[in-house]
Amino acid sequence: MSTPLIEIKDLRTYFYVKAGTVKAVDGVNLILERGVKLGLVGESGSGKTTMALAILRMIKPPGTVEGQILLDGVDLIKLSGEEMRKTRLGQIAMIPQGAMNSLNPVARIRATMAEGMIDHGIRLSKEEMNKRIANLLEIVELPAKVAKMYPHELSGGMKQRVTVAIAISLRPKVLIADEPTSALDVVIQRQVMETVTRLVKELDLSMILIGHDMGLMAQSVDKLAVMYAGKLAETGDIRDMFSDPLHPYTQALISSLPALGKRGVFHGLPGIPPSVINPPIGCLFCSRCPKVIPSVCAEQTPVLREVKPGRWVSCHLYKE
Amino acid sequence: MALLMELRNVTKTFGGGVTKTMALDDMTFGVEADFPHIVTIAGESGSGKTTMMMLLLGFYEPTLGSVLYNDVNIWKMTHSETRDFRRNVQAVFQDPFAVYNPFYKVDNLLSIPIKNFKLANSKKEARQLMENALSRVGLRPEETLGRFPHQLSGGQRQRIAVARALVLNPKLLIADEPVSMVDASLRATILKQIRELNQDLRIPILYITHDLTTAYHVSDYILVLYHGSVMEAGDVEQVIRDPKHPYTKLLVNSIPWPDPSHLWGEAVEAVTKKVRAEHAGCKFADRCPHVFDKCLESKPPLYISSETMLKSTVGHAAACYLYEGANMLEKDQNLITLFHQ
Amino acid sequence: MKGFWDYVKRNPSFGIGLMILIGLLLFSGAGRLFVDKKLAYEQTASLNVPPGKAHPFGTDSLGRDLLAIMIYGTGMTLQIGAIAGGIGLGVGIVLGFVAGYYGGLFDTIVTSVIDVYMTVPSFLVLILIATTFSHVTLGVTEMGLIVAFVSWAGSARSIRAQVLTMRERPFVMMAKLSGMGSFEIVMKELVPNLLPFLVMSLSQAVYGGIMSSLGLEALGIGSRRQPTMGMTLFYVNYYSAFLLGLWWWILEPVAVIALTLTSLVLISMGLDEIANPRRRRKV
C-alpha cells in the first residue's frame with residue numbers, strides 16, 4: 001500500500017476569544033489516498049470549512065493550527081510562509097464557497113485565469129498562455145470563447161466551471177471543493193459535478209468535497225467522513241456508510257433523508273447542534289443521541305477507532 | 001368545488017422593452033377550501049414559482065388576469081375583506097433569519113398577529129397560545145421566548161415560524177423553501193410539522209421548492225414550472241417515478257438521491273442548441289432532445305395521460321406535443337381539476 | 001451600556017470623535033463661565049496683541065480677545081451646524097420614508113426635486129438666498145435656517161435608498177401578513193432598524209451644514225458682528241493677517257474648525273459598523 005497522499009494527524013484549530021476557546025476542529029485524524037474522492041460532510045458548526053482552511057493554513061489569529069498535515073510526507077504546518085504560498089494552488093487547490101461570485105468582475109476570464117499561474121512564477125509567452133488557458137477550458141467543458149468574456153456574461157454553471165479551471169491550472173495533487181454547487185440548479189449541479197469527477201479521474205487528482213448534501217455525496221465520492229462539533233464521528237466507504245452506518249449521528253442523519261419509497265415517513269433528530277465554545281468533556285452528541293449510555297457518554301470523550309477494516313467510528317458503543 | 005384562492009389567466013412581466021421578462025405566463029390555478037392537500041410548485045430559478053407565491057400573497061400585482069380570494073379580486077377589496085384575506089392566507093419563508101426584525105424579540109413574530117387578528121382575549125391567553133404552539137413544534141417556551149433572533153439557531157427560528165402558522169390556523173399556507181436553509185438533521189422535523197399542519201388542522205399547503213427530494217417526501221401533488229409555464233402536473237409519486245415531460249425527465253434524472261446504489265443514470269441529452277430567434281412555441285424547445293417543428297409554432301396545451309403508472313384517479317398531465325391526441329385541459333380550465341380526475 | 005463600551009472599543013474612531021466633540025462643547029460651555037461675552041466683540045481690547053499673560057489667545061485687528069472669540073464662536077458654529085443638520089435631517093427623514101415606502105407619484109416628485117437640487121451647485125443657491133436676506137441682520141439662527149435649505153436633499157436621498165432596500169425584506173412581508181398597516185410598519189419596523197443610519201446621517205448633515213456656513217461666512221455673507229469661526233476667517237483675510245504675521249489669529253480658528261469637522265467625520269465613520277447593514281456582523 002503506497003503512502004497516502006494526505007495524512008492529517010490530530011489537527012486542532014482553536015480560536016482564543018474573550019468568551020473562551022472555540023474548538024472549531026478538535027483532534028481530527030484523516031487519511032486521503034491518491035486518486036480518491038473524499039466527502040467531508042457536516043452541519044453548521046461542524047468545523048468542515050474551518051478544517052479546509054486549516055489544511056491550507058489560511059486560518060488567521062486569534063485562530064491557531066496545531067497537529068500535523070502531511071502532504072506526501074511533508075508537514076505543511078512546518079513550512080515557511082513562502083513555501084506554503086507555493087503549495088497553495090501548486091499542490092493543493094481550493095475552490096472556496098461562493099467562488100463563482102468572487103471572480104473579478106472587471107477582468108476577462110483569461111486574465112483572471114492567467115493571474116494564478118503568473119503569481120506562481122509561470123512565465124509563458126502570450127501565445128503559450130492562451131493555449132494553456134484554452135486547454136484548461138476544454139478540460140472543464142467550456143467553449144474556448146469564454147476566455148475573452150466577462151463574468152457577468154456567464155451563467156452560474158459556467159462561472160463555477162471557470163473556478164474549477166483556475167483551481168487545476170497548475171496541476172495540483174489535491175482539489176478541495178467547498179460547497180461548489182450550492183447555488184446551482186439541480187440540472188446544472190449534476191453537469192458540473194460530473195465534469196469535476198471526470199476530470200479528477202483523468203488528471204489523477206485526489207479530491208475533498210465539503211458539503212452538507214448527503215445526496216450529492218452519495219453520487220460523487222468514494223469515501224465519506226462525517227464531522228460533528230469539530231470532531232470526526234465516522235469515516236468509511238460511501239456505500240458502507242449508507243447501508244450500514246455505525247455512529248448514531250450518521251444513522252440519524254441517513255434515516256432522516258428522503259428516499260424513493262419512503263414517502264411521508266419523517267425521522268427527525270431532536271435537539272440543536274452544540275456550541276463549540278469551551279466544549280465539555282465527553283461525547284458532544286450525547287444530549288441528542290438515541291443510544292446514549294448513561295454516565296459513560298457524558299464523562300468520557302470517545303476516540304476515533306477502526307472497528308472494522310476501513311471503518312473508523314468515535315463512539316462508546318463500539319469496543320475495540 | 002369552492003375555490004379559496006385563484007389565479008385566473010394571470011401573467012406577470014417585469015421590466016419593459018429589451019429587458020422584459022415574463023415571469024408567469026397565463027396561469028390559471030386555484031386552491032380549494034375543502035381539499036386540504038399539499039401541492040408542490042416545483043421549478044428551478046426563473047421558473048416563476050416565487051412569482052406565483054408573491055402574486056398569491058398580494059405582494060405583486062398581476063400584469064394581466066386577476067388574483068381572487070373567495071371570488072373577490074384582492075386588488076379591489078374593501079378594508080374588511082382585505083383584513084380577512086390577510087388573516088387567512090399565511091406563509092413560511094425561506095430564510096430563517098430574515099423574517100425577524102433583529103430589533104425585537106422573537107416573541108413578536110407570534111404576539112403581533114395574535115394581537116392584530118384578535119386571536120386571544122387577554123395577555124395571559126395569548127401567552128398560553130404561544131406556549132402551546134411552541135411545544136407542538138418541539139421547542140421549549142422558556143428557552144425561546146424572550147430571546148432575540150441572533151440568540152437562536154436557524155432550526156429554532158424556522159420552527160417558530162411554523163408555530164406562528166399553527167397559532168394563526170389559516171385557510172391557506174404557502175411555504176417557500178422552508179427547509180433549504182436549515183441543517184439536514186432538522187429538516188425532517190420541520191417537514192413533519194408542516195405535514196401535521198396539513199393533516200391535523202386540514203390546512204391546504206402550497207410547497208414551493210426546487211428540491212424534488214423534499215417535495216417527494218412531504219407533498220401529495222406537484223406542478224412543474226419552467227420559465228413561467230406549467231410543464232407537468234400530477235400525483236407526486238407518479239410524476240417523479242414516471243415523468244412524462246422531457247424537462248421533468250431531465251430534472252428527475254439530476255436528483256442526487258442519497259443512495260449510492262441509485263446513481264445518476266444515463267445522462268439525458270441536455271441539448272443546448274442556440275436559440276432560434278424568438279418563437280411562440282414551447283418554452284423548452286431550445287433544450288429539448290425530442291423537439292420537432294410543431295413545438296416552435298405554438299405552446300402545447302396540457303395533455304392528460306390515460307395510462308398512469310399508479311392507476312390512480314389523479315390525472316397526470318404534460319404540456320408536450322409528444323402526447324398529442326390525448327385529452328387535454330381546456331385553455332381556461334383550472335389546473336386543480338386535474339387532481340380530481 | 002456595556003454594549004456601548006464594547007462598540008466603542010471596536011470602533012475607536014467613534015470614541016475619539018465623540019471625545020473631541022464633547023471636548024469642544026465643554027470648552028465652549030464651561031469657558032463661558034470664566035470669560036465675559038462682550039470681550040468677543042470689537043474694541044474691548046488692544047489691537048493685534050500676540051498671546052501672552054493678559055490675553056492667552058491674543059487679540060485681533062478689531063480689538064477682540066481671541067480666547068473669548070474661540071469660546072463663544074465655537075458654540076455658535078456648532079449651533080449653526082445643529083440647526084442646519086437637525087432641520088435637514090428632519091425634512092430628509094419625512095420625505096425619505098414617505099417617498100421610499102409609499103412610492104408612486106409622491107416618490108417621483110420627490111426624487112425629481114432631489115435630483116435637481118443636487119445638480120444645482122448648492123453654494124450658489126446659498127449665496128442667492130443669503131443675499132436676498134441681506135437687508136435683515138443675520139444672526140446665528142438665521143444662518144442655520146439658510147444653510148438648512150440645502151442640507152435636506154442628501155439625507156432624503158440616502159434615507160430613501162435605505163428604505164427601498166428594507167421594504168422588500170422578508171420581515172416587512174411578515175409584518176404585512178401579521179396585519180400591520182403601512183404607517184405602523186414604517187414606524188415600528190423600519191425606523192428602529194435605521195436608527196444607527198439616521199444618527200450617522202445626522203453627523204453628516206451637521207458636517208455639511210458647518211461647511212456651507214463656513215463658506216458663506218468666509219465670503220462675508222453672514223452675521224458680521226457675531227464671532228463665528230467663519231466670520232473670523234473672513235476678518236483674517238480682510239485685515240491681511242498673513243501679511244501682518246498675526247499667526248495666532250489664523251491658527252486658532254483653523255484648529256477649532258479642523259477639530260470640529262474631524263470629530264464629526266470620525267463619529268460618522270465610527271458608526272459605519274452598525275449603520276451600514278452590509279458590514280454588520282452575521283451571527
# chains A, B, ... in the order shown; residues from 1 in each chain; ligands from 1
call {"tool": "interface_residues", "arguments": {"of": "chain A", "to": "chain B", "cutoff": "7 Å", "atoms": "only C-alpha atoms", "output": "number ranges by chain"}}
result
A: 43-44, 185-187, 190, 214-216, 218-219, 239, 242, 253, 256, 258-259, 263-264, 266-269
call {"tool": "residues_around", "arguments": {"residues": "range 84-89 of chain A", "least_positions_apart": "5", "cutoff": "12 Å", "atoms": "only C-alpha atoms", "output": "ChimeraX atom specification"}}
result
/A:52-58,71-72,74-79,94-95,113,115-122,163-176
call {"tool": "residues_around", "arguments": {"residues": "Phe197 in chain C", "least_positions_apart": "3", "cutoff": "12 Å", "atoms": "only C-alpha atoms", "output": "VMD selection string"}}
result
chain C and resid 89 93 155 158 to 163 190 to 194 200 to 204 267 to 278 280
call {"tool": "residues_around", "arguments": {"residues": "Asn132 in chain B", "least_positions_apart": "4", "cutoff": "12 Å", "atoms": "only C-alpha atoms", "output": "JSON, numbers by chain"}}
result
{"B": [110, 125, 126, 127, 128, 136, 137, 138, 139, 140, 141, 142, 160, 163, 164, 166, 167]}
call {"tool": "write_last_selection", "arguments": {"atoms": "C-alpha atoms", "output": "mmCIF file, in the first residue's frame"}}
result
data_model
loop_
_atom_site.group_PDB
_atom_site.id
_atom_site.type_symbol
_atom_site.label_atom_id
_atom_site.label_comp_id
_atom_site.auth_asym_id
_atom_site.auth_seq_id
_atom_site.Cartn_x
_atom_site.Cartn_y
_atom_site.Cartn_z
ATOM 1 C CA LEU B 110 -46.218 35.367 17.356
ATOM 2 C CA GLU B 125 -54.439 33.738 26.900
ATOM 3 C CA ALA B 126 -52.080 34.982 24.226
ATOM 4 C CA ARG B 127 -49.125 33.686 26.168
ATOM 5 C CA GLN B 128 -50.811 30.334 26.537
ATOM 6 C CA ARG B 136 -46.218 21.483 19.437
ATOM 7 C CA VAL B 137 -43.226 22.211 17.222
ATOM 8 C CA GLY B 138 -40.821 20.725 19.710
ATOM 9 C CA LEU B 139 -39.453 23.900 21.271
ATOM 10 C CA ARG B 140 -39.306 24.788 24.921
ATOM 11 C CA PRO B 141 -41.022 28.132 25.540
ATOM 12 C CA GLU B 142 -38.668 29.014 28.346
ATOM 13 C CA ILE B 160 -41.041 29.368 15.488
ATOM 14 C CA ALA B 163 -45.508 27.676 15.230
ATOM 15 C CA ARG B 164 -46.785 31.022 14.028
ATOM 16 C CA LEU B 166 -50.133 26.913 13.903
ATOM 17 C CA VAL B 167 -51.321 29.775 16.033
#
call {"tool": "interface_residues", "arguments": {"of": "chain C", "to": "chain B", "cutoff": "7 Å", "atoms": "only C-alpha atoms", "output": "number ranges by chain"}}
result
C: 169-171, 174, 177-179, 189, 192-193, 283
call {"tool": "closest_residue", "arguments": {"among": "A:Leu11, A:Ile69, A:Val22, A:Leu40", "to": "Asn278 in chain A", "atoms": "only C-alpha atoms"}}
result
A:Val22
call {"tool": "residues_around", "arguments": {"residues": "Ile174 in chain B", "least_positions_apart": "6", "cutoff": "12 Å", "atoms": "only C-alpha atoms", "output": "PyMOL selection string"}}
result
(chain B and resi 5+31+37-41+49-50+52-57+88-94+162+165+194+197-198+203-209) or (chain C and resi 177)
call {"tool": "write_last_selection", "arguments": {"atoms": "N, CA and C atoms", "output": "mmCIF file, in the first residue's frame"}}
result
data_model
loop_
_atom_site.group_PDB
_atom_site.id
_atom_site.type_symbol
_atom_site.label_atom_id
_atom_site.label_comp_id
_atom_site.auth_asym_id
_atom_site.auth_seq_id
_atom_site.Cartn_x
_atom_site.Cartn_y
_atom_site.Cartn_z
ATOM 1 N N MET B 5 -58.645 30.374 -3.210
ATOM 2 C CA MET B 5 -57.837 31.390 -3.881
ATOM 3 C C MET B 5 -57.665 30.961 -5.316
ATOM 4 N N VAL B 31 -56.783 27.052 -5.462
ATOM 5 C CA VAL B 31 -56.680 26.225 -4.269
ATOM 6 C C VAL B 31 -58.084 26.096 -3.712
ATOM 7 N N HIS B 37 -54.757 19.451 0.693
ATOM 8 C CA HIS B 37 -53.597 18.648 0.360
ATOM 9 C C HIS B 37 -52.389 19.542 0.242
ATOM 10 N N ILE B 38 -51.228 18.893 0.136
ATOM 11 C CA ILE B 38 -50.013 19.674 -0.051
ATOM 12 C C ILE B 38 -49.633 19.582 -1.522
ATOM 13 N N VAL B 39 -49.598 20.722 -2.164
ATOM 14 C CA VAL B 39 -49.251 20.765 -3.583
ATOM 15 C C VAL B 39 -47.887 21.422 -3.727
ATOM 16 N N THR B 40 -46.979 20.745 -4.400
ATOM 17 C CA THR B 40 -45.665 21.332 -4.623
ATOM 18 C C THR B 40 -45.671 22.148 -5.895
ATOM 19 N N ILE B 41 -45.132 23.353 -5.798
ATOM 20 C CA ILE B 41 -44.882 24.135 -7.008
ATOM 21 C C ILE B 41 -43.375 24.033 -7.213
ATOM 22 N N LYS B 49 -41.928 30.174 -9.828
ATOM 23 C CA LYS B 49 -42.594 29.673 -8.630
ATOM 24 C C LYS B 49 -42.670 30.730 -7.534
ATOM 25 N N THR B 50 -41.592 31.509 -7.382
ATOM 26 C CA THR B 50 -41.632 32.553 -6.366
ATOM 27 C C THR B 50 -42.616 33.642 -6.762
ATOM 28 N N MET B 52 -45.330 33.205 -8.360
ATOM 29 C CA MET B 52 -46.675 32.712 -8.035
ATOM 30 C C MET B 52 -47.008 32.999 -6.581
ATOM 31 N N MET B 53 -46.028 32.729 -5.716
ATOM 32 C CA MET B 53 -46.274 32.966 -4.298
ATOM 33 C C MET B 53 -46.530 34.446 -4.037
ATOM 34 N N MET B 54 -45.695 35.299 -4.615
ATOM 35 C CA MET B 54 -45.839 36.735 -4.367
ATOM 36 C C MET B 54 -47.178 37.252 -4.884
ATOM 37 N N LEU B 55 -47.661 36.665 -5.978
ATOM 38 C CA LEU B 55 -48.959 37.072 -6.505
ATOM 39 C C LEU B 55 -50.073 36.631 -5.569
ATOM 40 N N LEU B 56 -49.960 35.374 -5.084
ATOM 41 C CA LEU B 56 -50.996 34.864 -4.192
ATOM 42 C C LEU B 56 -51.029 35.628 -2.879
ATOM 43 N N LEU B 57 -49.865 36.073 -2.419
ATOM 44 C CA LEU B 57 -49.826 36.804 -1.164
ATOM 45 C C LEU B 57 -50.142 38.280 -1.340
ATOM 46 N N ASN B 88 -56.207 35.037 6.702
ATOM 47 C CA ASN B 88 -56.367 33.632 6.357
ATOM 48 C C ASN B 88 -55.371 33.068 5.370
ATOM 49 N N VAL B 89 -54.538 33.924 4.800
ATOM 50 C CA VAL B 89 -53.531 33.406 3.879
ATOM 51 C C VAL B 89 -52.176 33.743 4.472
ATOM 52 N N GLN B 90 -51.431 32.719 4.874
ATOM 53 C CA GLN B 90 -50.175 32.942 5.577
ATOM 54 C C GLN B 90 -49.013 32.249 4.891
ATOM 55 N N ALA B 91 -47.812 32.520 5.386
ATOM 56 C CA ALA B 91 -46.638 31.967 4.721
ATOM 57 C C ALA B 91 -45.518 31.620 5.699
ATOM 58 N N VAL B 92 -44.678 30.705 5.259
ATOM 59 C CA VAL B 92 -43.413 30.441 5.941
ATOM 60 C C VAL B 92 -42.347 30.692 4.882
ATOM 61 N N PHE B 93 -41.395 31.547 5.187
ATOM 62 C CA PHE B 93 -40.421 31.905 4.171
ATOM 63 C C PHE B 93 -39.126 31.130 4.289
ATOM 64 N N GLN B 94 -38.254 31.349 3.307
ATOM 65 C CA GLN B 94 -37.056 30.534 3.206
ATOM 66 C C GLN B 94 -35.988 30.840 4.240
ATOM 67 N N VAL B 162 -43.048 28.184 11.917
ATOM 68 C CA VAL B 162 -44.097 27.179 11.724
ATOM 69 C C VAL B 162 -45.107 27.271 12.862
ATOM 70 N N ALA B 165 -47.633 29.746 12.158
ATOM 71 C CA ALA B 165 -48.698 29.266 11.273
ATOM 72 C C ALA B 165 -49.730 28.459 12.079
ATOM 73 N N ILE B 194 -44.866 20.542 9.181
ATOM 74 C CA ILE B 194 -45.657 21.125 8.107
ATOM 75 C C ILE B 194 -46.706 20.121 7.658
ATOM 76 N N LEU B 197 -49.509 20.168 10.090
ATOM 77 C CA LEU B 197 -50.399 21.315 9.896
ATOM 78 C C LEU B 197 -51.466 20.959 8.882
ATOM 79 N N ASN B 198 -51.026 20.205 7.877
ATOM 80 C CA ASN B 198 -51.952 19.851 6.823
ATOM 81 C C ASN B 198 -52.908 18.760 7.273
ATOM 82 N N ILE B 203 -55.197 22.173 6.765
ATOM 83 C CA ILE B 203 -54.856 23.398 6.045
ATOM 84 C C ILE B 203 -54.237 23.024 4.708
ATOM 85 N N PRO B 204 -54.759 23.527 3.592
ATOM 86 C CA PRO B 204 -54.091 23.271 2.320
ATOM 87 C C PRO B 204 -52.763 24.024 2.272
ATOM 88 N N ILE B 205 -51.756 23.362 1.732
ATOM 89 C CA ILE B 205 -50.433 23.971 1.729
ATOM 90 C C ILE B 205 -49.832 23.965 0.325
ATOM 91 N N LEU B 206 -49.275 25.088 -0.055
ATOM 92 C CA LEU B 206 -48.521 25.147 -1.306
ATOM 93 C C LEU B 206 -47.051 25.126 -0.917
ATOM 94 N N TYR B 207 -46.348 24.123 -1.391
ATOM 95 C CA TYR B 207 -44.949 23.941 -1.013
ATOM 96 C C TYR B 207 -44.092 24.306 -2.221
ATOM 97 N N ILE B 208 -43.345 25.393 -2.069
ATOM 98 C CA ILE B 208 -42.571 25.884 -3.200
ATOM 99 C C ILE B 208 -41.125 25.481 -3.029
ATOM 100 N N THR B 209 -40.557 24.836 -4.030
ATOM 101 C CA THR B 209 -39.192 24.348 -3.862
ATOM 102 C C THR B 209 -38.543 24.011 -5.191
ATOM 103 N N LEU C 177 -48.194 40.370 6.609
ATOM 104 C CA LEU C 177 -49.019 39.177 6.810
ATOM 105 C C LEU C 177 -49.573 39.130 8.231
#
call {"tool": "atom_distance", "arguments": {"atom1": "CA of Glu196 in chain B", "atom2": "CA of Asn334 in chain B"}}
result
27.0 Å
call {"tool": "atom_distance", "arguments": {"atom1": "CA of Tyr318 in chain A", "atom2": "CA of Glu66 in chain A"}}
result
28.1 Å
call {"tool": "residues_around", "arguments": {"residues": "Glu297 in chain B", "least_positions_apart": "6", "cutoff": "10 Å", "atoms": "only C-alpha atoms", "output": "PyMOL selection string"}}
result
chain B and resi 279-282
call {"tool": "select_by_dssp", "arguments": {"residues": "range 138-178 of chain B", "states": "helix (DSSP H, G or I)", "output": "list in words"}}
result
Pro141, Glu142, Glu143, Thr144, Pro149, His150, Gln151, Gly154, Gly155, Gln156, Arg157, Gln158, Arg159, Ile160, Ala161, Val162, Ala163, Arg164, Ala165, Leu166, Val167 and Leu168 of chain B
call {"tool": "residues_around", "arguments": {"residues": "Arg34 in chain A", "least_positions_apart": "5", "cutoff": "7 Å", "atoms": "only C-alpha atoms", "output": "PDB file with N, CA and C atoms, in the first residue's frame"}}
result
ATOM      1  N   PRO A   4      -0.199   7.236   1.767  1.00  0.00           N
ATOM      2  CA  PRO A   4      -1.330   8.086   1.395  1.00  0.00           C
ATOM      3  C   PRO A   4      -0.854   9.466   0.988  1.00  0.00           C
ATOM      4  N   LEU A   5      -1.636  10.139   0.207  1.00  0.00           N
ATOM      5  CA  LEU A   5      -1.273  11.455  -0.267  1.00  0.00           C
ATOM      6  C   LEU A   5      -1.304  12.473   0.868  1.00  0.00           C
ATOM      7  N   LEU A 205      -6.249  13.216  -9.782  1.00  0.00           N
ATOM      8  CA  LEU A 205      -6.190  14.051  -8.584  1.00  0.00           C
ATOM      9  C   LEU A 205      -6.871  13.332  -7.438  1.00  0.00           C
ATOM     10  N   SER A 206      -6.629  13.849  -6.249  1.00  0.00           N
ATOM     11  CA  SER A 206      -7.451  13.440  -5.127  1.00  0.00           C
ATOM     12  C   SER A 206      -8.381  14.609  -4.841  1.00  0.00           C
TER      13      SER A 206
END
call {"tool": "atom_distance", "arguments": {"atom1": "CA of Asp26 in chain B", "atom2": "CA of Ala175 in chain B"}}
result
22.6 Å
call {"tool": "select_by_dssp", "arguments": {"residues": "range 28-175 of chain A", "states": "strand (DSSP E)", "output": "ChimeraX atom specification"}}
result
/A:28-32,37-41,63-71,74-75,92-95,174-175
call {"tool": "write_last_selection", "arguments": {"atoms": "N, CA and C atoms", "output": "mmCIF file, in the first residue's frame"}}
result
data_model
loop_
_atom_site.group_PDB
_atom_site.id
_atom_site.type_symbol
_atom_site.label_atom_id
_atom_site.label_comp_id
_atom_site.auth_asym_id
_atom_site.auth_seq_id
_atom_site.Cartn_x
_atom_site.Cartn_y
_atom_site.Cartn_z
ATOM 1 N N VAL A 28 -8.621 15.996 14.742
ATOM 2 C CA VAL A 28 -9.097 15.185 13.612
ATOM 3 C C VAL A 28 -7.955 14.389 13.005
ATOM 4 N N ASN A 29 -8.181 13.104 12.792
ATOM 5 C CA ASN A 29 -7.218 12.236 12.100
ATOM 6 C C ASN A 29 -7.860 11.763 10.817
ATOM 7 N N LEU A 30 -7.201 11.989 9.708
ATOM 8 C CA LEU A 30 -7.810 11.633 8.429
ATOM 9 C C LEU A 30 -6.748 11.232 7.433
ATOM 10 N N ILE A 31 -7.118 10.340 6.533
ATOM 11 C CA ILE A 31 -6.174 9.909 5.505
ATOM 12 C C ILE A 31 -6.834 10.047 4.146
ATOM 13 N N LEU A 32 -6.095 10.581 3.198
ATOM 14 C CA LEU A 32 -6.624 10.666 1.834
ATOM 15 C C LEU A 32 -5.634 9.993 0.908
ATOM 16 N N LYS A 37 -11.784 10.171 -3.955
ATOM 17 C CA LYS A 37 -12.638 11.326 -3.705
ATOM 18 C C LYS A 37 -13.235 11.165 -2.309
ATOM 19 N N LEU A 38 -12.905 12.091 -1.428
ATOM 20 C CA LEU A 38 -13.400 12.020 -0.060
ATOM 21 C C LEU A 38 -14.456 13.094 0.158
ATOM 22 N N GLY A 39 -15.550 12.693 0.747
ATOM 23 C CA GLY A 39 -16.575 13.664 1.078
ATOM 24 C C GLY A 39 -16.481 14.020 2.544
ATOM 25 N N LEU A 40 -16.529 15.321 2.843
ATOM 26 C CA LEU A 40 -16.491 15.747 4.231
ATOM 27 C C LEU A 40 -17.833 16.411 4.507
ATOM 28 N N VAL A 41 -18.638 15.740 5.313
ATOM 29 C CA VAL A 41 -19.999 16.244 5.484
ATOM 30 C C VAL A 41 -20.243 16.629 6.933
ATOM 31 N N GLY A 63 -6.997 32.534 15.645
ATOM 32 C CA GLY A 63 -7.053 31.089 15.454
ATOM 33 C C GLY A 63 -5.655 30.510 15.357
ATOM 34 N N THR A 64 -5.503 29.310 15.845
ATOM 35 C CA THR A 64 -4.196 28.641 15.725
ATOM 36 C C THR A 64 -4.407 27.271 15.118
ATOM 37 N N VAL A 65 -3.396 26.788 14.439
ATOM 38 C CA VAL A 65 -3.466 25.452 13.844
ATOM 39 C C VAL A 65 -2.365 24.605 14.432
ATOM 40 N N GLU A 66 -2.756 23.492 15.016
ATOM 41 C CA GLU A 66 -1.749 22.575 15.583
ATOM 42 C C GLU A 66 -1.983 21.174 15.098
ATOM 43 N N GLY A 67 -0.956 20.382 15.179
ATOM 44 C CA GLY A 67 -1.067 18.997 14.733
ATOM 45 C C GLY A 67 -0.155 18.799 13.540
ATOM 46 N N GLN A 68 -0.466 17.784 12.744
ATOM 47 C CA GLN A 68 0.371 17.514 11.579
ATOM 48 C C GLN A 68 -0.495 17.382 10.342
ATOM 49 N N ILE A 69 -0.067 18.021 9.275
ATOM 50 C CA ILE A 69 -0.740 17.823 7.993
ATOM 51 C C ILE A 69 0.338 17.400 7.009
ATOM 52 N N LEU A 70 0.393 16.092 6.712
ATOM 53 C CA LEU A 70 1.458 15.603 5.840
ATOM 54 C C LEU A 70 0.967 15.481 4.413
ATOM 55 N N LEU A 71 1.581 16.204 3.523
ATOM 56 C CA LEU A 71 1.272 16.084 2.106
ATOM 57 C C LEU A 71 2.478 15.411 1.467
ATOM 58 N N VAL A 74 5.450 15.644 3.605
ATOM 59 C CA VAL A 74 5.927 16.959 4.055
ATOM 60 C C VAL A 74 4.885 17.583 4.974
ATOM 61 N N ASP A 75 5.322 18.016 6.166
ATOM 62 C CA ASP A 75 4.374 18.607 7.108
ATOM 63 C C ASP A 75 4.103 20.059 6.736
ATOM 64 N N ILE A 92 -2.000 21.977 -3.588
ATOM 65 C CA ILE A 92 -3.389 21.820 -3.108
ATOM 66 C C ILE A 92 -4.175 23.034 -3.589
ATOM 67 N N ALA A 93 -5.231 22.787 -4.298
ATOM 68 C CA ALA A 93 -6.038 23.904 -4.786
ATOM 69 C C ALA A 93 -7.394 23.869 -4.108
ATOM 70 N N MET A 94 -7.902 25.030 -3.783
ATOM 71 C CA MET A 94 -9.219 25.060 -3.136
ATOM 72 C C MET A 94 -10.199 25.901 -3.942
ATOM 73 N N ILE A 95 -11.414 25.402 -4.023
ATOM 74 C CA ILE A 95 -12.500 26.193 -4.597
ATOM 75 C C ILE A 95 -13.385 26.574 -3.418
ATOM 76 N N VAL A 174 -4.099 17.800 -5.064
ATOM 77 C CA VAL A 174 -5.360 17.688 -4.328
ATOM 78 C C VAL A 174 -6.270 18.854 -4.677
ATOM 79 N N LEU A 175 -7.532 18.555 -4.820
ATOM 80 C CA LEU A 175 -8.532 19.596 -5.075
ATOM 81 C C LEU A 175 -9.506 19.590 -3.897
#
